[in-house]
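So the structure is just underneath, and the comments pick up after that.
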Amino acid sequence: MNPLAEIRFHGVRGSAPSSGTDFVEFGGDTPSVEIVAGEARLFVDAGSGLKNVAVTQDFPEEFDLVLSHYHYDHLIGLPFFEPAWRINGRLRIFAPQFGDADPAAILNTLFSAPFCPVRLEDLRPRVEIISYRPGDTFHANGGALISTASVNHPGGCSAIRICLGEGDVVYASDAEVADDPDAAALADFAKGALLFIADAMNDDADALHRRGWGHSSWRDMLGVARAAGVRTTALFHHDPRRTDISLIALDAAAQGVDPSAFMVRQGARYRLHRCAEGPARRIAERGEAAPWRCSR
Ligand SMILES: [Zn+2]
């Protein structure tokens, strides 16, 4: 059976890139996720992981990027996005509008002196910046329907749901759900997703003294996943100081709570398959081994 999509994690670290021998297995680049569905290429967020995207022979002339918000760790990869320098065609950037701030003005400020040596207009494809408000729906390349929803994060942030026809991917980075009266709304938004990519910056101890920072613990996010009835939860936006040894321990702890959940490693690719009701069936795999199965 053909997979619905391939999900590629180019960056899984949060807040600031990490490097060194303690960060080899899980990687150090900040958030960027690619969804390949048929001929369509869709990127979600432009963290430093975006620099890991190579131009391949089958790379399309039109590709889309959806941004969740404007914090640096979700944008700093854009000037280093190889397809934007080598592909003639069109790059559409779907950019959220929070309050009265103009998304195009924000991006043009960030990509100008003295912050950056290049401007968006220097990129090779024609760049279109399309604003959306959290709560809007729109279509990406290949016809995928994208829906969005506001989440609890300083300055605003949007969760993003990508409808792939027979199963959805929900991306909820940078969302604080503990004590959030709207946490149930995120569970509603993620309802029944095949893959829930969720902020898990905090461990249990961090969560006690990071109230208001705009991030969640893996345990709180698994509560949302359970309420939403999602099939598999990919925990990411790892704390920049979280070492491989710590993440391996948290990976096991998360699977103790929800066997479908896992801490994502940078560079991992998952093939997303339809998941019928009933007994567990494989829905995603990393490479050709290590099949991931539904637990519900
Ligand atoms: Zn943020």
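Labels used: A, B, ... for chains in the order of the structure tokens, numbers from 1 for residues in each chain, and numbers from 1 for ligands as shown.
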Range 150-167 of chain A surroundings by only C-alpha atoms, 8 Å radius, close-in-sequence under 6 positions cut, as a PyMOL selection string:
chain A and resi 4-5+37+68-69+96+98+134-135+144+173-177+180+182+186+189-190+193-194+212-215+274-275
Give me the residues near range 235-247 of chain A as a VMD selection string, where near means some atom within 8 Å (using only C-alpha atoms) and where sequence neighbours in that chain fewer than 3 positions away do not count.
chain A and resid 12 to 18 22 to 26 28 30 to 31 173 to 174 197 to 202 218 250 to 251 261 to 264
Mind writing the picked residues with N, CA and C atoms as an mmCIF file, in the first residue's frame?
data_model
loop_
_atom_site.group_PDB
_atom_site.id
_atom_site.type_symbol
_atom_site.label_atom_id
_atom_site.label_comp_id
_atom_site.auth_asym_id
_atom_site.auth_seq_id
_atom_site.Cartn_x
_atom_site.Cartn_y
_atom_site.Cartn_z
ATOM 1 N N VAL A 12 14.682 19.241 15.380
ATOM 2 C CA VAL A 12 13.749 18.846 16.452
ATOM 3 C C VAL A 12 14.080 19.518 17.783
ATOM 4 N N ARG A 13 15.057 20.409 17.795
ATOM 5 C CA ARG A 13 15.496 21.049 19.032
ATOM 6 C C ARG A 13 14.735 22.362 19.201
ATOM 7 N N GLY A 14 14.526 22.803 20.420
ATOM 8 C CA GLY A 14 13.801 24.043 20.626
ATOM 9 C C GLY A 14 14.695 25.159 21.129
ATOM 10 N N SER A 15 14.256 26.385 20.915
ATOM 11 C CA SER A 15 14.830 27.613 21.494
ATOM 12 C C SER A 15 16.176 28.030 20.904
ATOM 13 N N ALA A 16 17.159 27.131 20.927
ATOM 14 C CA ALA A 16 18.473 27.471 20.368
ATOM 15 C C ALA A 16 19.123 26.182 19.889
ATOM 16 N N PRO A 17 19.916 26.240 18.820
ATOM 17 C CA PRO A 17 20.590 25.024 18.362
ATOM 18 C C PRO A 17 21.560 24.509 19.418
ATOM 19 N N SER A 18 21.768 23.194 19.412
ATOM 20 C CA SER A 18 22.728 22.561 20.316
ATOM 21 C C SER A 18 23.778 21.848 19.475
ATOM 22 N N ASP A 22 27.224 15.393 23.306
ATOM 23 C CA ASP A 22 26.035 14.988 24.067
ATOM 24 C C ASP A 22 24.745 15.108 23.259
ATOM 25 N N PHE A 23 24.860 15.615 22.010
ATOM 26 C CA PHE A 23 23.654 15.907 21.232
ATOM 27 C C PHE A 23 23.686 15.255 19.856
ATOM 28 N N VAL A 24 24.449 14.175 19.730
ATOM 29 C CA VAL A 24 24.652 13.547 18.420
ATOM 30 C C VAL A 24 23.421 12.756 17.981
ATOM 31 N N GLU A 25 22.859 11.994 18.893
ATOM 32 C CA GLU A 25 21.788 11.072 18.501
ATOM 33 C C GLU A 25 20.480 11.794 18.181
ATOM 34 N N PHE A 26 20.120 12.797 18.970
ATOM 35 C CA PHE A 26 18.842 13.477 18.746
ATOM 36 C C PHE A 26 18.994 14.749 17.913
ATOM 37 N N GLY A 28 20.781 18.713 16.871
ATOM 38 C CA GLY A 28 20.788 20.017 17.514
ATOM 39 C C GLY A 28 20.063 21.114 16.775
ATOM 40 N N THR A 30 17.041 23.436 15.093
ATOM 41 C CA THR A 30 15.727 23.864 15.584
ATOM 42 C C THR A 30 14.623 23.540 14.562
ATOM 43 N N PRO A 31 13.345 23.682 14.955
ATOM 44 C CA PRO A 31 12.252 23.007 14.251
ATOM 45 C C PRO A 31 12.080 23.309 12.762
ATOM 46 N N SER A 173 3.748 22.825 17.890
ATOM 47 C CA SER A 173 4.975 23.231 18.556
ATOM 48 C C SER A 173 4.677 24.482 19.370
ATOM 49 N N ASP A 174 5.459 24.709 20.415
ATOM 50 C CA ASP A 174 5.350 25.944 21.176
ATOM 51 C C ASP A 174 3.930 26.180 21.674
ATOM 52 N N ILE A 197 2.454 15.908 16.211
ATOM 53 C CA ILE A 197 3.828 16.375 16.463
ATOM 54 C C ILE A 197 3.724 17.463 17.522
ATOM 55 N N ALA A 198 4.260 17.185 18.705
ATOM 56 C CA ALA A 198 3.893 18.031 19.845
ATOM 57 C C ALA A 198 5.104 18.533 20.625
ATOM 58 N N ASP A 199 4.971 19.747 21.112
ATOM 59 C CA ASP A 199 5.960 20.390 21.986
ATOM 60 C C ASP A 199 6.161 19.547 23.245
ATOM 61 N N ALA A 200 7.418 19.160 23.503
ATOM 62 C CA ALA A 200 7.720 18.419 24.730
ATOM 63 C C ALA A 200 9.018 18.963 25.315
ATOM 64 N N MET A 201 9.109 20.271 25.384
ATOM 65 C CA MET A 201 10.360 20.901 25.828
ATOM 66 C C MET A 201 10.682 20.560 27.286
ATOM 67 N N ASN A 202 9.656 20.401 28.098
ATOM 68 C CA ASN A 202 9.877 20.255 29.542
ATOM 69 C C ASN A 202 9.789 18.809 30.005
ATOM 70 N N TRP A 218 6.291 16.675 28.233
ATOM 71 C CA TRP A 218 5.854 15.529 27.421
ATOM 72 C C TRP A 218 4.633 14.873 28.057
ATOM 73 N N LEU A 250 13.803 9.796 28.693
ATOM 74 C CA LEU A 250 12.456 10.365 28.545
ATOM 75 C C LEU A 250 11.653 9.612 27.482
ATOM 76 N N ASP A 251 12.347 9.128 26.457
ATOM 77 C CA ASP A 251 11.688 8.343 25.407
ATOM 78 C C ASP A 251 11.045 7.097 26.042
ATOM 79 N N ALA A 261 3.971 6.757 21.653
ATOM 80 C CA ALA A 261 4.697 8.032 21.676
ATOM 81 C C ALA A 261 6.198 7.794 21.596
ATOM 82 N N PHE A 262 6.908 8.772 21.069
ATOM 83 C CA PHE A 262 8.364 8.671 21.019
ATOM 84 C C PHE A 262 8.978 10.063 20.924
ATOM 85 N N MET A 263 10.210 10.173 21.396
ATOM 86 C CA MET A 263 10.991 11.401 21.250
ATOM 87 C C MET A 263 11.634 11.368 19.867
ATOM 88 N N VAL A 264 11.405 12.408 19.065
ATOM 89 C CA VAL A 264 11.886 12.384 17.684
ATOM 90 C C VAL A 264 13.373 12.691 17.612
#
I want to know what sits within 6 Å of Asp45 in chain A, based on only C-alpha atoms, with residues of the same chain fewer than 4 positions away left out; could you give that as a PyMOL selection string?
chain A and resi 32+67+74
Write out the residues from the selection above, keeping C-alpha atoms, as a compact mmCIF listing (two decimals), in the first residue's frame.
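Result went into again02.txt, see below:
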# COMPACT_ATOMS: atom_id res chain seq x y z
CA SER A 32 11.60 22.26 10.64
CA LEU A 67 5.07 29.25 9.73
CA HIS A 74 11.49 28.84 13.96
Which of these residues is nearest to ligand 1, using only C-alpha atoms and all ligand atoms: A:Ser216, A:Ala207, A:Val55, A:Gly99?
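For ligand 1, the nearest of the candidates is A:Ser216.
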Contacts of Asn88 in chain A within 10 Å, only C-alpha atoms, excl. fewer than 5 positions in-chain, as a list in words:
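Near neighbours after the sequence-gap exclusion: Pro60, Glu61, Glu62, Pro83, Leu123, Arg124, Pro125 and Arg126 of chain A.
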Could those residues be written to a file, using C-alpha atoms, as a PDB file, in the first residue's frame?
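Done, and the output landed in result_38.pdb:
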ATOM      1  CA  PRO A  60       9.225  20.615  -7.469  1.00  0.00           C
ATOM      2  CA  GLU A  61       9.267  24.170  -8.808  1.00  0.00           C
ATOM      3  CA  GLU A  62       6.497  25.169  -6.449  1.00  0.00           C
ATOM      4  CA  PRO A  83      15.923  25.146  -2.615  1.00  0.00           C
ATOM      5  CA  LEU A 123      15.837  34.399  -3.189  1.00  0.00           C
ATOM      6  CA  ARG A 124      15.574  32.680  -6.536  1.00  0.00           C
ATOM      7  CA  PRO A 125      11.944  31.609  -6.561  1.00  0.00           C
ATOM      8  CA  ARG A 126       9.198  34.165  -6.631  1.00  0.00           C
TER       9      ARG A 126
END
Interatomic distance, CA of Leu75 in chain A to CA of Gln97 in chain A (Å, one decimal)
15.2 Å
Selection: 6 Å around range 64-66 of chain A, only C-alpha atoms, excl. self and same-chain fewer than 2 positions, as a list in words:
Leu42, Phe43, Val44, Leu91, Arg92, Ile93 and Phe94 of chain A
Writer output for current selection, N, CA and C atoms, as a PDB file, in the first residue's frame:
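After the write, selection05.pdb holds the following:
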ATOM      1  N   LEU A  42       5.717  20.296   1.380  1.00  0.00           N
ATOM      2  CA  LEU A  42       5.252  21.299   2.325  1.00  0.00           C
ATOM      3  C   LEU A  42       6.211  21.305   3.513  1.00  0.00           C
ATOM      4  N   PHE A  43       6.710  22.470   3.858  1.00  0.00           N
ATOM      5  CA  PHE A  43       7.583  22.603   5.014  1.00  0.00           C
ATOM      6  C   PHE A  43       6.828  23.347   6.103  1.00  0.00           C
ATOM      7  N   VAL A  44       7.007  22.889   7.324  1.00  0.00           N
ATOM      8  CA  VAL A  44       6.389  23.572   8.459  1.00  0.00           C
ATOM      9  C   VAL A  44       7.523  24.092   9.346  1.00  0.00           C
ATOM     10  N   LEU A  91       7.824  30.054  -4.228  1.00  0.00           N
ATOM     11  CA  LEU A  91       7.782  29.655  -2.817  1.00  0.00           C
ATOM     12  C   LEU A  91       6.692  30.484  -2.147  1.00  0.00           C
ATOM     13  N   ARG A  92       5.685  29.787  -1.642  1.00  0.00           N
ATOM     14  CA  ARG A  92       4.642  30.502  -0.890  1.00  0.00           C
ATOM     15  C   ARG A  92       4.913  30.329   0.598  1.00  0.00           C
ATOM     16  N   ILE A  93       4.953  31.436   1.303  1.00  0.00           N
ATOM     17  CA  ILE A  93       5.134  31.397   2.752  1.00  0.00           C
ATOM     18  C   ILE A  93       3.806  31.794   3.389  1.00  0.00           C
ATOM     19  N   PHE A  94       3.173  30.841   4.038  1.00  0.00           N
ATOM     20  CA  PHE A  94       1.940  31.126   4.771  1.00  0.00           C
ATOM     21  C   PHE A  94       2.354  31.594   6.166  1.00  0.00           C
TER      22      PHE A  94
END
If you run DSSP on the backbone here, which positions in range 115-224 of chain A get alpha helix (DSSP H)? Please write them as an NGL selection string.
:A and (183-189 or 204-209 or 218-224)
Could you tell me how far CA of Leu272 in chain A sits from CA of Glu6 in chain A, in Å to one decimal place?
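Atom-to-atom, CA of Glu6 in chain A to CA of Leu272 in chain A, that is 6.0 Å.
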